[in-house]
>>> print(open('work.cif').read())   # mmCIF, C-alpha atoms and all ligand atoms
data_start
loop_
_atom_site.label_atom_id
_atom_site.label_comp_id
_atom_site.auth_asym_id
_atom_site.auth_seq_id
_atom_site.Cartn_x
_atom_site.Cartn_y
_atom_site.Cartn_z
CA ASP A 1 85.08 10.17 25.27
CA PHE A 2 84.95 11.09 21.62
CA ASP A 3 85.72 14.62 20.55
CA PHE A 4 82.78 14.89 18.14
CA ALA A 5 82.82 17.25 15.18
CA SER A 6 80.44 20.20 15.29
CA ARG A 7 79.00 18.84 12.02
CA VAL A 8 77.06 16.12 13.84
CA ALA A 9 76.06 18.38 16.72
CA ARG A 10 74.37 20.69 14.20
CA VAL A 11 71.97 17.94 13.15
CA GLU A 12 69.04 16.52 15.13
CA PRO A 13 68.17 12.83 15.01
CA SER A 14 65.33 12.21 12.58
CA ALA A 15 61.95 13.26 14.03
CA THR A 16 60.38 10.35 12.20
CA LEU A 17 62.42 7.98 14.32
CA ALA A 18 60.16 8.29 17.37
CA ILE A 19 57.21 7.29 15.20
CA SER A 20 58.88 4.33 13.55
CA ASN A 21 60.18 3.14 16.94
CA LEU A 22 56.64 3.24 18.31
CA ALA A 23 55.34 1.41 15.22
CA ASN A 24 58.02 -1.26 15.62
CA GLU A 25 57.24 -1.75 19.31
CA LEU A 26 53.53 -2.16 18.61
CA GLU A 27 54.16 -4.57 15.76
CA ALA A 28 56.49 -6.60 17.97
CA GLU A 29 53.52 -6.96 20.36
CA GLY A 30 51.52 -8.39 17.47
CA ILE A 31 49.45 -5.23 16.89
CA ASP A 32 48.45 -4.43 13.30
CA VAL A 33 49.67 -0.91 12.48
CA VAL A 34 48.39 0.95 9.39
CA ASP A 35 51.63 2.51 8.27
CA LEU A 36 50.99 5.74 6.37
CA SER A 37 54.41 7.12 7.27
CA VAL A 38 56.57 5.51 4.62
CA GLY A 39 58.14 7.52 1.83
CA GLU A 40 58.35 4.74 -0.70
CA PRO A 41 56.10 3.09 -3.27
CA ASP A 42 54.44 -0.12 -2.02
CA PHE A 43 55.05 -1.68 -5.45
CA ASP A 44 57.83 -4.09 -6.30
CA THR A 45 60.40 -3.03 -8.91
CA PRO A 46 59.09 -3.81 -12.44
CA ASP A 47 60.23 -7.19 -13.79
CA ASN A 48 62.06 -5.86 -16.85
CA ILE A 49 64.33 -3.82 -14.56
CA LYS A 50 65.05 -6.80 -12.30
CA GLN A 51 65.80 -8.89 -15.38
CA ALA A 52 68.22 -6.28 -16.69
CA ALA A 53 70.10 -6.37 -13.37
CA GLU A 54 70.23 -10.18 -13.46
CA ASP A 55 71.51 -10.14 -17.04
CA SER A 56 74.09 -7.55 -16.11
CA LEU A 57 75.30 -9.60 -13.12
CA ALA A 58 75.47 -12.73 -15.29
CA ALA A 59 77.51 -10.77 -17.83
CA GLY A 60 80.03 -9.95 -15.11
CA ASP A 61 79.31 -6.25 -14.55
CA THR A 62 80.66 -6.49 -11.03
CA GLY A 63 83.64 -4.15 -10.92
CA TYR A 64 83.96 -0.41 -10.33
CA THR A 65 82.63 1.81 -13.08
CA SER A 66 84.00 5.21 -14.00
CA SER A 67 83.20 7.43 -11.06
CA ASN A 68 80.53 9.59 -12.72
CA GLY A 69 78.69 6.58 -14.13
CA ILE A 70 78.58 4.27 -17.15
CA PRO A 71 78.31 6.14 -20.47
CA GLU A 72 75.08 4.32 -21.48
CA LEU A 73 73.28 5.53 -18.36
CA ARG A 74 74.68 9.07 -18.44
CA THR A 75 73.49 9.28 -22.06
CA ALA A 76 70.03 7.87 -21.25
CA ILE A 77 69.67 10.38 -18.40
CA ALA A 78 70.80 13.25 -20.64
CA GLU A 79 68.20 12.20 -23.22
CA LYS A 80 65.47 12.12 -20.56
CA LEU A 81 66.39 15.63 -19.45
CA GLN A 82 66.60 16.87 -23.05
CA ALA A 83 63.05 15.58 -23.54
CA ASP A 84 62.12 17.77 -20.54
CA GLY A 85 63.71 20.75 -22.32
CA VAL A 86 66.92 20.85 -20.29
CA ASP A 87 70.15 21.45 -22.19
CA CYS A 88 71.99 18.43 -20.80
CA GLY A 89 74.66 16.16 -22.30
CA ALA A 90 76.18 13.00 -20.85
CA GLU A 91 79.12 15.12 -19.65
CA ASN A 92 76.74 17.09 -17.40
CA VAL A 93 75.47 14.00 -15.58
CA VAL A 94 76.83 12.40 -12.40
CA VAL A 95 75.22 9.06 -11.48
CA THR A 96 75.04 8.62 -7.69
CA PRO A 97 73.96 5.94 -5.21
CA GLY A 98 70.54 7.60 -4.68
CA GLY A 99 69.26 11.13 -5.02
CA LYS A 100 70.18 11.71 -1.39
CA GLN A 101 73.86 11.24 -2.17
CA ALA A 102 73.48 13.59 -5.16
CA LEU A 103 72.14 16.26 -2.81
CA TYR A 104 74.91 15.59 -0.29
CA GLU A 105 77.56 16.14 -2.95
CA ILE A 106 75.86 19.32 -4.21
CA PHE A 107 75.67 20.90 -0.74
CA HIS A 108 79.26 20.00 -0.01
CA THR A 109 80.44 21.34 -3.35
CA LEU A 110 78.83 24.76 -2.91
CA ILE A 111 78.48 25.55 0.79
CA ASP A 112 81.10 27.11 3.02
CA ALA A 113 80.48 27.79 6.69
CA GLY A 114 77.96 30.62 7.04
CA ASP A 115 76.64 30.49 3.46
CA GLU A 116 72.89 31.01 3.21
CA VAL A 117 70.55 28.29 1.96
CA VAL A 118 66.85 29.05 1.41
CA LEU A 119 64.22 26.33 1.88
CA LEU A 120 60.51 26.39 1.07
CA ASP A 121 58.54 25.01 4.03
CA PRO A 122 57.31 22.41 4.45
CA ALA A 123 60.54 20.96 3.08
CA TRP A 124 61.75 17.38 2.88
CA VAL A 125 63.64 16.58 6.10
CA SER A 126 67.10 15.92 4.69
CA TYR A 127 67.62 19.32 3.03
CA GLU A 128 68.03 21.01 6.39
CA ALA A 129 70.24 18.27 7.81
CA GLN A 130 72.49 18.18 4.76
CA ALA A 131 72.74 21.97 4.54
CA ARG A 132 73.65 22.15 8.23
CA MET A 133 76.26 19.41 7.96
CA ALA A 134 77.85 21.49 5.20
CA GLY A 135 77.85 24.50 7.57
CA ALA A 136 75.02 26.53 6.01
CA ASP A 137 72.78 29.07 7.71
CA LEU A 138 69.13 28.48 6.79
CA SER A 139 66.40 30.89 5.78
CA ARG A 140 62.91 29.57 5.28
CA VAL A 141 59.82 30.67 3.39
CA ASP A 142 56.55 29.25 4.71
CA LEU A 143 54.17 28.10 1.99
CA SER A 144 51.49 26.84 4.42
CA PRO A 145 49.49 30.14 4.42
CA TYR A 146 49.20 29.75 0.64
CA GLY A 147 47.79 26.24 0.39
CA PHE A 148 51.39 25.03 -0.10
CA GLN A 149 51.64 26.77 -3.49
CA LEU A 150 54.73 28.78 -4.41
CA GLU A 151 53.24 31.37 -6.76
CA PRO A 152 51.40 33.35 -4.03
CA ALA A 153 54.55 33.19 -1.88
CA LEU A 154 56.86 34.77 -4.47
CA ASP A 155 56.86 38.15 -2.66
CA ASP A 156 57.94 36.38 0.54
CA LEU A 157 60.63 34.58 -1.40
CA ALA A 158 61.78 37.86 -2.95
CA ALA A 159 62.07 39.33 0.55
CA THR A 160 64.20 36.37 1.66
CA ILE A 161 66.63 35.98 -1.25
CA THR A 162 69.47 38.47 -1.21
CA ASP A 163 72.85 38.74 -2.90
CA ASP A 164 74.20 36.75 0.08
CA THR A 165 72.03 33.75 -0.77
CA GLU A 166 74.07 30.89 -2.16
CA LEU A 167 71.48 28.23 -2.77
CA LEU A 168 67.70 27.75 -3.01
CA VAL A 169 66.08 24.33 -2.95
CA VAL A 170 62.92 23.81 -5.01
CA ASN A 171 61.14 20.45 -4.86
CA SER A 172 58.21 20.03 -7.24
CA PRO A 173 56.20 17.82 -6.97
CA SER A 174 56.78 18.32 -3.27
CA ASN A 175 57.45 15.89 -0.50
CA PRO A 176 55.53 16.36 1.88
CA THR A 177 52.66 18.38 0.30
CA GLY A 178 52.29 16.87 -3.18
CA ALA A 179 52.16 20.41 -4.61
CA VAL A 180 53.27 20.91 -8.19
CA TYR A 181 54.42 24.49 -8.68
CA SER A 182 52.97 26.51 -11.55
CA ASP A 183 55.06 27.74 -14.47
CA ALA A 184 54.50 31.30 -13.24
CA ALA A 185 55.99 30.32 -9.87
CA LEU A 186 59.03 28.74 -11.53
CA GLU A 187 59.47 31.83 -13.71
CA GLY A 188 59.42 33.92 -10.55
CA VAL A 189 62.16 31.69 -9.11
CA ARG A 190 64.13 32.11 -12.32
CA ASP A 191 63.96 35.92 -12.14
CA LEU A 192 65.15 35.96 -8.53
CA ALA A 193 67.91 33.41 -9.16
CA VAL A 194 69.26 35.33 -12.15
CA ASP A 195 68.99 38.74 -10.42
CA HIS A 196 70.82 37.59 -7.29
CA ASP A 197 73.08 35.01 -8.92
CA VAL A 198 71.67 32.19 -6.82
CA THR A 199 72.08 28.50 -7.64
CA VAL A 200 68.85 26.49 -7.46
CA ILE A 201 68.66 22.80 -6.70
CA SER A 202 65.61 21.51 -8.56
CA ASP A 203 64.74 18.21 -6.84
CA GLU A 204 62.50 16.48 -9.38
CA MET A 205 62.35 13.12 -7.62
CA TYR A 206 58.57 12.87 -8.15
CA ASP A 207 58.38 14.28 -11.69
CA GLU A 208 56.91 11.04 -13.10
CA ILE A 209 54.19 11.00 -10.45
CA THR A 210 51.80 13.81 -11.43
CA TYR A 211 48.06 13.73 -12.00
CA GLY A 212 46.67 15.65 -14.94
CA VAL A 213 49.40 18.30 -14.90
CA GLU A 214 52.89 18.37 -16.38
CA GLN A 215 55.78 19.23 -14.13
CA THR A 216 58.04 21.80 -15.79
CA SER A 217 61.73 21.19 -15.26
CA LEU A 218 63.19 24.39 -13.80
CA GLY A 219 66.41 24.03 -15.81
CA SER A 220 64.40 24.22 -19.05
CA LEU A 221 63.48 27.87 -18.44
CA ASP A 222 65.36 30.51 -20.40
CA GLY A 223 68.40 31.66 -18.44
CA MET A 224 68.23 28.84 -15.87
CA GLY A 225 70.70 26.42 -17.48
CA GLU A 226 73.66 27.97 -15.66
CA HIS A 227 71.78 28.41 -12.39
CA THR A 228 70.10 25.02 -11.99
CA ILE A 229 71.31 21.71 -10.69
CA THR A 230 68.66 19.12 -11.46
CA VAL A 231 68.40 16.19 -9.06
CA ASN A 232 66.42 13.04 -9.73
CA GLY A 233 66.52 9.32 -9.09
CA PHE A 234 64.93 5.96 -9.70
CA SER A 235 63.49 5.29 -6.21
CA LYS A 236 60.02 6.71 -6.63
CA ALA A 237 59.24 6.57 -10.37
CA TYR A 238 60.42 2.98 -10.77
CA ALA A 239 59.83 1.62 -7.24
CA MET A 240 63.60 1.17 -6.76
CA THR A 241 64.22 2.65 -3.30
CA GLY A 242 66.52 -0.17 -2.18
CA TRP A 243 68.63 -0.17 -5.32
CA ARG A 244 70.13 3.23 -4.49
CA LEU A 245 70.32 4.95 -7.85
CA GLY A 246 70.05 8.67 -8.55
CA TYR A 247 71.78 11.47 -10.39
CA PHE A 248 72.27 15.17 -10.88
CA CYS A 249 72.77 17.28 -13.98
CA ALA A 250 74.89 20.43 -13.74
CA PRO A 251 77.21 22.66 -15.78
CA GLU A 252 80.52 20.92 -16.49
CA SER A 253 82.51 23.21 -14.19
CA PHE A 254 80.30 22.01 -11.34
CA VAL A 255 80.56 18.36 -12.36
CA SER A 256 84.34 18.45 -12.19
CA GLN A 257 84.31 19.81 -8.61
CA ALA A 258 81.46 17.61 -7.30
CA GLY A 259 83.07 14.65 -9.05
CA LYS A 260 85.95 14.91 -6.58
CA ILE A 261 83.58 14.29 -3.67
CA GLN A 262 81.96 11.37 -5.47
CA SER A 263 85.27 9.76 -6.41
CA HIS A 264 86.79 10.13 -2.95
CA SER A 265 83.69 8.93 -1.10
CA VAL A 266 81.43 6.38 -2.81
CA SER A 267 83.65 5.85 -5.91
CA CYS A 268 80.62 5.06 -8.09
CA ALA A 269 77.08 3.72 -8.05
CA VAL A 270 76.73 -0.08 -8.18
CA ASN A 271 77.71 -1.37 -11.60
CA PHE A 272 74.81 -3.74 -12.43
CA VAL A 273 72.32 -1.34 -10.85
CA GLN A 274 73.42 1.30 -13.34
CA HIS A 275 72.73 -1.14 -16.19
CA ALA A 276 69.26 -1.75 -14.74
CA GLY A 277 68.80 2.02 -14.67
CA VAL A 278 69.25 2.18 -18.46
CA GLU A 279 66.44 -0.37 -18.83
CA ALA A 280 64.25 1.62 -16.41
CA LEU A 281 64.60 4.81 -18.41
CA ARG A 282 64.23 3.19 -21.82
CA ASN A 283 61.53 0.51 -21.42
CA THR A 284 59.29 1.02 -18.41
CA ASP A 285 56.75 3.66 -19.51
CA ASP A 286 53.72 1.35 -19.31
CA THR A 287 54.43 0.19 -15.76
CA VAL A 288 55.09 3.76 -14.65
CA ASP A 289 51.70 4.71 -16.12
CA GLU A 290 50.00 1.92 -14.14
CA MET A 291 51.63 2.94 -10.86
CA ARG A 292 50.73 6.61 -11.48
CA GLU A 293 47.11 5.66 -12.09
CA ALA A 294 47.01 3.60 -8.88
CA PHE A 295 48.44 6.53 -6.88
CA ARG A 296 45.89 8.90 -8.43
CA GLU A 297 42.96 6.64 -7.47
CA ARG A 298 44.27 6.35 -3.90
CA ARG A 299 44.76 10.10 -3.60
CA ASP A 300 41.19 10.77 -4.73
CA MET A 301 39.82 8.06 -2.46
CA LEU A 302 41.72 9.32 0.58
CA ALA A 303 40.66 12.93 0.01
CA ASP A 304 37.02 11.77 -0.34
CA LEU A 305 37.22 9.72 2.86
CA PHE A 306 38.50 12.72 4.80
CA ALA A 307 35.82 14.92 3.22
CA ASP A 308 33.19 12.40 4.40
CA HIS A 309 34.45 13.09 7.91
CA GLY A 310 34.31 16.84 7.35
CA VAL A 311 38.07 17.26 7.00
CA ASP A 312 39.26 19.35 4.10
CA VAL A 313 42.76 18.22 3.13
CA PRO A 314 44.79 20.27 0.65
CA VAL A 315 45.31 17.88 -2.26
CA GLY A 316 48.41 18.24 -4.46
CA ASP A 317 48.77 17.23 -8.08
CA GLY A 318 51.80 15.02 -7.57
CA ALA A 319 53.92 12.67 -5.44
CA PHE A 320 52.06 10.38 -2.99
CA TYR A 321 51.72 12.51 0.13
CA MET A 322 49.11 14.68 1.82
CA MET A 323 49.32 17.07 4.73
CA LEU A 324 46.42 16.48 7.10
CA PRO A 325 45.64 19.50 9.30
CA VAL A 326 45.89 18.35 12.95
CA ASP A 327 46.48 19.93 16.39
CA GLU A 328 49.17 22.56 16.81
CA ASP A 329 51.15 19.96 18.79
CA ASP A 330 51.51 17.65 15.82
CA GLN A 331 54.15 15.50 17.50
CA ALA A 332 51.69 14.62 20.29
CA TRP A 333 48.91 14.07 17.72
CA CYS A 334 51.08 11.64 15.73
CA GLU A 335 52.20 9.77 18.85
CA GLY A 336 48.58 9.53 20.01
CA ALA A 337 47.38 8.40 16.58
CA ILE A 338 49.83 5.55 16.57
CA GLU A 339 49.32 4.55 20.22
CA ASP A 340 45.49 4.72 20.23
CA ALA A 341 44.44 4.22 16.61
CA HIS A 342 47.52 2.28 15.47
CA VAL A 343 47.97 4.56 12.46
CA ALA A 344 51.50 5.78 11.73
CA THR A 345 52.01 9.25 10.22
CA VAL A 346 54.85 11.80 10.31
CA PRO A 347 54.56 15.11 12.22
CA GLY A 348 54.56 18.20 10.01
CA SER A 349 57.09 19.84 12.31
CA ALA A 350 59.68 17.38 10.93
CA PHE A 351 59.24 19.30 7.67
CA GLY A 352 59.27 22.73 9.33
CA THR A 353 55.46 23.04 9.42
CA PRO A 354 53.79 22.24 12.75
CA GLY A 355 50.04 21.63 12.85
CA TYR A 356 49.97 18.92 10.18
CA ALA A 357 50.62 15.22 9.83
CA ARG A 358 52.10 13.89 6.62
CA LEU A 359 50.32 10.87 5.21
CA SER A 360 51.72 8.70 2.46
CA TYR A 361 49.14 7.07 0.22
CA ALA A 362 51.62 4.54 -1.11
CA ALA A 363 49.40 1.90 0.49
CA SER A 364 46.50 -0.21 -0.75
CA GLN A 365 42.98 1.27 -0.85
CA GLU A 366 41.91 -1.19 1.87
CA ARG A 367 44.67 -0.03 4.20
CA LEU A 368 43.93 3.64 3.52
CA GLN A 369 40.26 3.04 4.31
CA GLU A 370 41.18 1.16 7.48
CA GLY A 371 43.51 4.00 8.50
CA VAL A 372 40.86 6.71 8.11
CA GLU A 373 38.26 4.59 9.94
CA ARG A 374 40.61 4.08 12.87
CA LEU A 375 41.48 7.78 13.05
CA ALA A 376 37.75 8.62 13.07
CA GLU A 377 36.90 5.94 15.64
CA HIS A 378 39.48 7.26 18.07
CA GLY A 379 38.52 10.90 17.56
CA TYR A 380 41.62 11.98 15.66
CA ILE A 381 39.54 13.40 12.79
N1 LIG B 401 64.27 14.06 -2.60
C1 LIG B 401 63.03 13.90 -2.09
C2 LIG B 401 62.09 15.04 -2.13
C3 LIG B 401 62.67 12.68 -1.51
O1 LIG B 401 61.44 12.53 -1.00
C4 LIG B 401 63.62 11.63 -1.46
C5 LIG B 401 63.29 10.36 -0.80
O2 LIG B 401 62.48 10.27 0.10
C6 LIG B 401 64.88 11.85 -2.02
C7 LIG B 401 65.17 13.07 -2.57
C8 LIG B 401 65.96 10.81 -2.01
O3 LIG B 401 65.63 9.64 -2.65
P1 LIG B 401 66.72 8.53 -2.99
O4 LIG B 401 67.94 8.82 -2.20
O5 LIG B 401 66.07 7.25 -2.62
O6 LIG B 401 66.98 8.65 -4.46
#
>>> encode(input="work.cif", output="structure tokens", more="lines below")
Ligand code: PLP
Amino acid sequence: DFDFASRVARVEPSATLAISNLANELEAEGIDVVDLSVGEPDFDTPDNIKQAAEDSLAAGDTGYTSSNGIPELRTAIAEKLQADGVDCGAENVVVTPGGKQALYEIFHTLIDAGDEVVLLDPAWVSYEAQARMAGADLSRVDLSPYGFQLEPALDDLAATITDDTELLVVNSPSNPTGAVYSDAALEGVRDLAVDHDVTVISDEMYDEITYGVEQTSLGSLDGMGEHTITVNGFSKAYAMTGWRLGYFCAPESFVSQAGKIQSHSVSCAVNFVQHAGVEALRNTDDTVDEMREAFRERRDMLADLFADHGVDVPVGDGAFYMMLPVDEDDQAWCEGAIEDAHVATVPGSAFGTPGYARLSYAASQERLQEGVERLAEHGYI
């Protein structure tokens, strides 16, 4: 028998696993499943980015890079963040194999056993797991009574954050709600973070995917430079989930500590993928605009389809997710929806908010329509 570390015992297997197992079983039987559970764009990576990777491979960019990333990419990332108003230089950037690894390094750089981490529910599934693996105790603020907005929940947040709080995670636009937090909400976060000397992870993974609103980068607010660690990546904005490329931007003192974890674990992100990342940041605006427009049309269509069936779904201004109100036992609802209607969704309880199912609209309009029709036919809406 293995003598397992408490680290793994503190973490549950992914709640989305049951759903994807069911989907796989049905598909193996030849059944057509409308998969609205996936957290990735259904688009292929833009051609100019693929070409840049091919050119880089052909040029022999196949060895290790410096651990924190190639200078061209760190500079391009710093320039992107400066354009967002964040005071960031190349020396503040660590390039990681995906945003998830960036988050892993941040939690492990800051959290000692028993430190308090505050999450805003519903929260993306991996924050809790990563915080727990690092030994954190979790406190949670529920945004669901407030239509998933943060501004009306600021008093609740103020009641939760104390001088013992080490870290707060803010994710705007949000996975799973699509909410984009208002500037007033972010200013409220700033005041609390400064007052209680709390570090805030600002996960801006979906910042390029907003509809008619601008997402303010938390680190651009006065006084937040020293308190914010900005996390982002290429998976969602550039349809590059499988390339594994992300980054964080932090004060230099933080970079030198987190850099130890990076250098002793993954060493660096893939060399030619980093070169492709420079191309993504510098020359892909038009394709990003097209993908954003497609997501916006799908969001509007999906919300209209639910409205036609008398279901009012809170619609966010960003990302490509919606939280559909379902039965209190959302796990059973999601299992039923996939078994009877052959529509795959993710239970809200996986994100800390039972009573909802998360739908991804990173699927074609035909598939979204088919999904809603099947849910209606089988009495799920
Ligand atoms: N943060 C959020 C909110 C996400 O939804 C995801 C991916 O689903 C990530 C971070 C991590 O993305 P990646 O590791 O592909 O960069």
>>> residues_around(input="work.cif", residues="region 161-174 of chain A", least_positions_apart="3", cutoff="6 Å", atoms="only C-alpha atoms", output="PDB file with C-alpha atoms, in the coordinates of the input")
ATOM      1  CA  GLU A 116      72.890  31.010   3.210  1.00  0.00           C
ATOM      2  CA  VAL A 117      70.550  28.290   1.960  1.00  0.00           C
ATOM      3  CA  VAL A 118      66.850  29.050   1.410  1.00  0.00           C
ATOM      4  CA  LEU A 119      64.220  26.330   1.880  1.00  0.00           C
ATOM      5  CA  ALA A 158      61.780  37.860  -2.950  1.00  0.00           C
ATOM      6  CA  THR A 177      52.660  18.380   0.300  1.00  0.00           C
ATOM      7  CA  GLY A 178      52.290  16.870  -3.180  1.00  0.00           C
ATOM      8  CA  ALA A 179      52.160  20.410  -4.610  1.00  0.00           C
ATOM      9  CA  VAL A 180      53.270  20.910  -8.190  1.00  0.00           C
ATOM     10  CA  HIS A 196      70.820  37.590  -7.290  1.00  0.00           C
ATOM     11  CA  VAL A 198      71.670  32.190  -6.820  1.00  0.00           C
ATOM     12  CA  THR A 199      72.080  28.500  -7.640  1.00  0.00           C
ATOM     13  CA  VAL A 200      68.850  26.490  -7.460  1.00  0.00           C
ATOM     14  CA  ILE A 201      68.660  22.800  -6.700  1.00  0.00           C
ATOM     15  CA  SER A 202      65.610  21.510  -8.560  1.00  0.00           C
ATOM     16  CA  ASP A 203      64.740  18.210  -6.840  1.00  0.00           C
ATOM     17  CA  GLU A 204      62.500  16.480  -9.380  1.00  0.00           C
ATOM     18  CA  TYR A 206      58.570  12.870  -8.150  1.00  0.00           C
ATOM     19  CA  GLY A 318      51.800  15.020  -7.570  1.00  0.00           C
ATOM     20  CA  ALA A 319      53.920  12.670  -5.440  1.00  0.00           C
TER      21      ALA A 319
END
>>> atom_distance(input="work.cif", atom1="CA of Glu40 (chain A)", atom2="CA of Ala239 (chain A)")
7.4 Å
>>> atom_distance(input="work.cif", atom1="atom O1 of ligand LIG 401 (chain B)", atom2="CA of Phe351 (chain A)")
11.2 Å
>>> atom_distance(input="work.cif", atom1="CA of Val346 (chain A)", atom2="CA of Met323 (chain A)")
9.5 Å
>>> residues_around(input="work.cif", residues="region 18-35 of chain A", least_positions_apart="2", cutoff="6 Å", atoms="only C-alpha atoms", output="short mmCIF file (atom, residue, chain, number, x, y, z; two decimals) with C-alpha atoms, keeping the file's coordinate frame")
data_model
loop_
_atom_site.label_atom_id
_atom_site.label_comp_id
_atom_site.auth_asym_id
_atom_site.auth_seq_id
_atom_site.Cartn_x
_atom_site.Cartn_y
_atom_site.Cartn_z
CA THR A 16 60.38 10.35 12.20
CA SER A 37 54.41 7.12 7.27
CA HIS A 342 47.52 2.28 15.47
CA VAL A 343 47.97 4.56 12.46
CA ALA A 344 51.50 5.78 11.73
CA GLY A 371 43.51 4.00 8.50
#
>>> axis_aligned_box(input="work.cif", around="ligand LIG 401 (chain B)", padding_each_side="6 Å", output="JSON")
{"center_x": 64.7, "center_y": 11.1, "center_z": -2.2, "size_x": 18.5, "size_y": 19.8, "size_z": 16.6}
>>> closest_residue(input="work.cif", among="A:Asp207, A:Asp55, A:Glu252, A:Asp115", to="ligand LIG 401 (chain B)", atoms="only C-alpha atoms and all ligand atoms")
A:Asp207
>>> residues_near_ligand(input="work.cif", ligand="ligand LIG 401 (chain B)", cutoff="7 Å", atoms="only C-alpha atoms and all ligand atoms", output="NGL selection string")
:A and (39-40 or 98-101 or 124 or 171 or 174-175 or 203 or 205 or 232-235 or 241 or 244-246)
>>> closest_atom_pairs(input="work.cif", of="region 174-265 of chain A", to="region 64-78 of chain A", cutoff="7 Å", atoms="only C-alpha atoms", output="tab-separated table")
residue	atom	partner	partner_atom	distance
A:Gly259	CA	A:Asn68	CA	6.7
A:Gln262	CA	A:Ser67	CA	7.0
A:Ser263	CA	A:Ser67	CA	5.6
>>> closest_residue(input="work.cif", among="A:Met291, A:Asp222, A:Pro314, A:Gly379", to="Trp333 (chain A)", atoms="all atoms listed in the file")
A:Gly379
>>> residues_around(input="work.cif", residues="Ala113 (chain A)", least_positions_apart="5", cutoff="8 Å", atoms="all atoms listed in the file", output="list of chain:residue names")
A:Ala134, A:Gly135, A:Ala136, A:Asp137
>>> decode(input="work.cif", residues="region 272-283 of chain A", atoms="N, CA and C atoms", output="PDB file, in the first residue's frame")
ATOM      1  N   PHE A 272       9.252  26.493 -29.054  1.00  0.00           N
ATOM      2  CA  PHE A 272       8.607  27.011 -30.275  1.00  0.00           C
ATOM      3  C   PHE A 272       7.179  27.482 -30.021  1.00  0.00           C
ATOM      4  N   VAL A 273       6.570  26.991 -28.956  1.00  0.00           N
ATOM      5  CA  VAL A 273       5.237  27.482 -28.578  1.00  0.00           C
ATOM      6  C   VAL A 273       5.339  28.931 -28.072  1.00  0.00           C
ATOM      7  N   GLN A 274       6.426  29.219 -27.366  1.00  0.00           N
ATOM      8  CA  GLN A 274       6.616  30.606 -26.919  1.00  0.00           C
ATOM      9  C   GLN A 274       6.767  31.542 -28.115  1.00  0.00           C
ATOM     10  N   HIS A 275       7.495  31.095 -29.145  1.00  0.00           N
ATOM     11  CA  HIS A 275       7.645  31.940 -30.344  1.00  0.00           C
ATOM     12  C   HIS A 275       6.287  32.159 -31.017  1.00  0.00           C
ATOM     13  N   ALA A 276       5.463  31.120 -31.041  1.00  0.00           N
ATOM     14  CA  ALA A 276       4.114  31.267 -31.602  1.00  0.00           C
ATOM     15  C   ALA A 276       3.295  32.250 -30.759  1.00  0.00           C
ATOM     16  N   GLY A 277       3.557  32.270 -29.467  1.00  0.00           N
ATOM     17  CA  GLY A 277       2.845  33.194 -28.578  1.00  0.00           C
ATOM     18  C   GLY A 277       3.131  34.651 -28.920  1.00  0.00           C
ATOM     19  N   VAL A 278       4.359  34.941 -29.348  1.00  0.00           N
ATOM     20  CA  VAL A 278       4.698  36.318 -29.755  1.00  0.00           C
ATOM     21  C   VAL A 278       3.827  36.703 -30.950  1.00  0.00           C
ATOM     22  N   GLU A 279       3.717  35.794 -31.919  1.00  0.00           N
ATOM     23  CA  GLU A 279       2.884  36.045 -33.102  1.00  0.00           C
ATOM     24  C   GLU A 279       1.418  36.245 -32.686  1.00  0.00           C
ATOM     25  N   ALA A 280       0.940  35.424 -31.765  1.00  0.00           N
ATOM     26  CA  ALA A 280      -0.454  35.545 -31.315  1.00  0.00           C
ATOM     27  C   ALA A 280      -0.708  36.949 -30.771  1.00  0.00           C
ATOM     28  N   LEU A 281       0.172  37.402 -29.906  1.00  0.00           N
ATOM     29  CA  LEU A 281      -0.051  38.713 -29.280  1.00  0.00           C
ATOM     30  C   LEU A 281       0.086  39.855 -30.277  1.00  0.00           C
ATOM     31  N   ARG A 282       0.995  39.698 -31.248  1.00  0.00           N
ATOM     32  CA  ARG A 282       1.297  40.838 -32.115  1.00  0.00           C
ATOM     33  C   ARG A 282       0.407  40.931 -33.352  1.00  0.00           C
ATOM     34  N   ASN A 283      -0.069  39.797 -33.873  1.00  0.00           N
ATOM     35  CA  ASN A 283      -0.677  39.835 -35.220  1.00  0.00           C
ATOM     36  C   ASN A 283      -1.990  39.090 -35.377  1.00  0.00           C
TER      37      ASN A 283
END
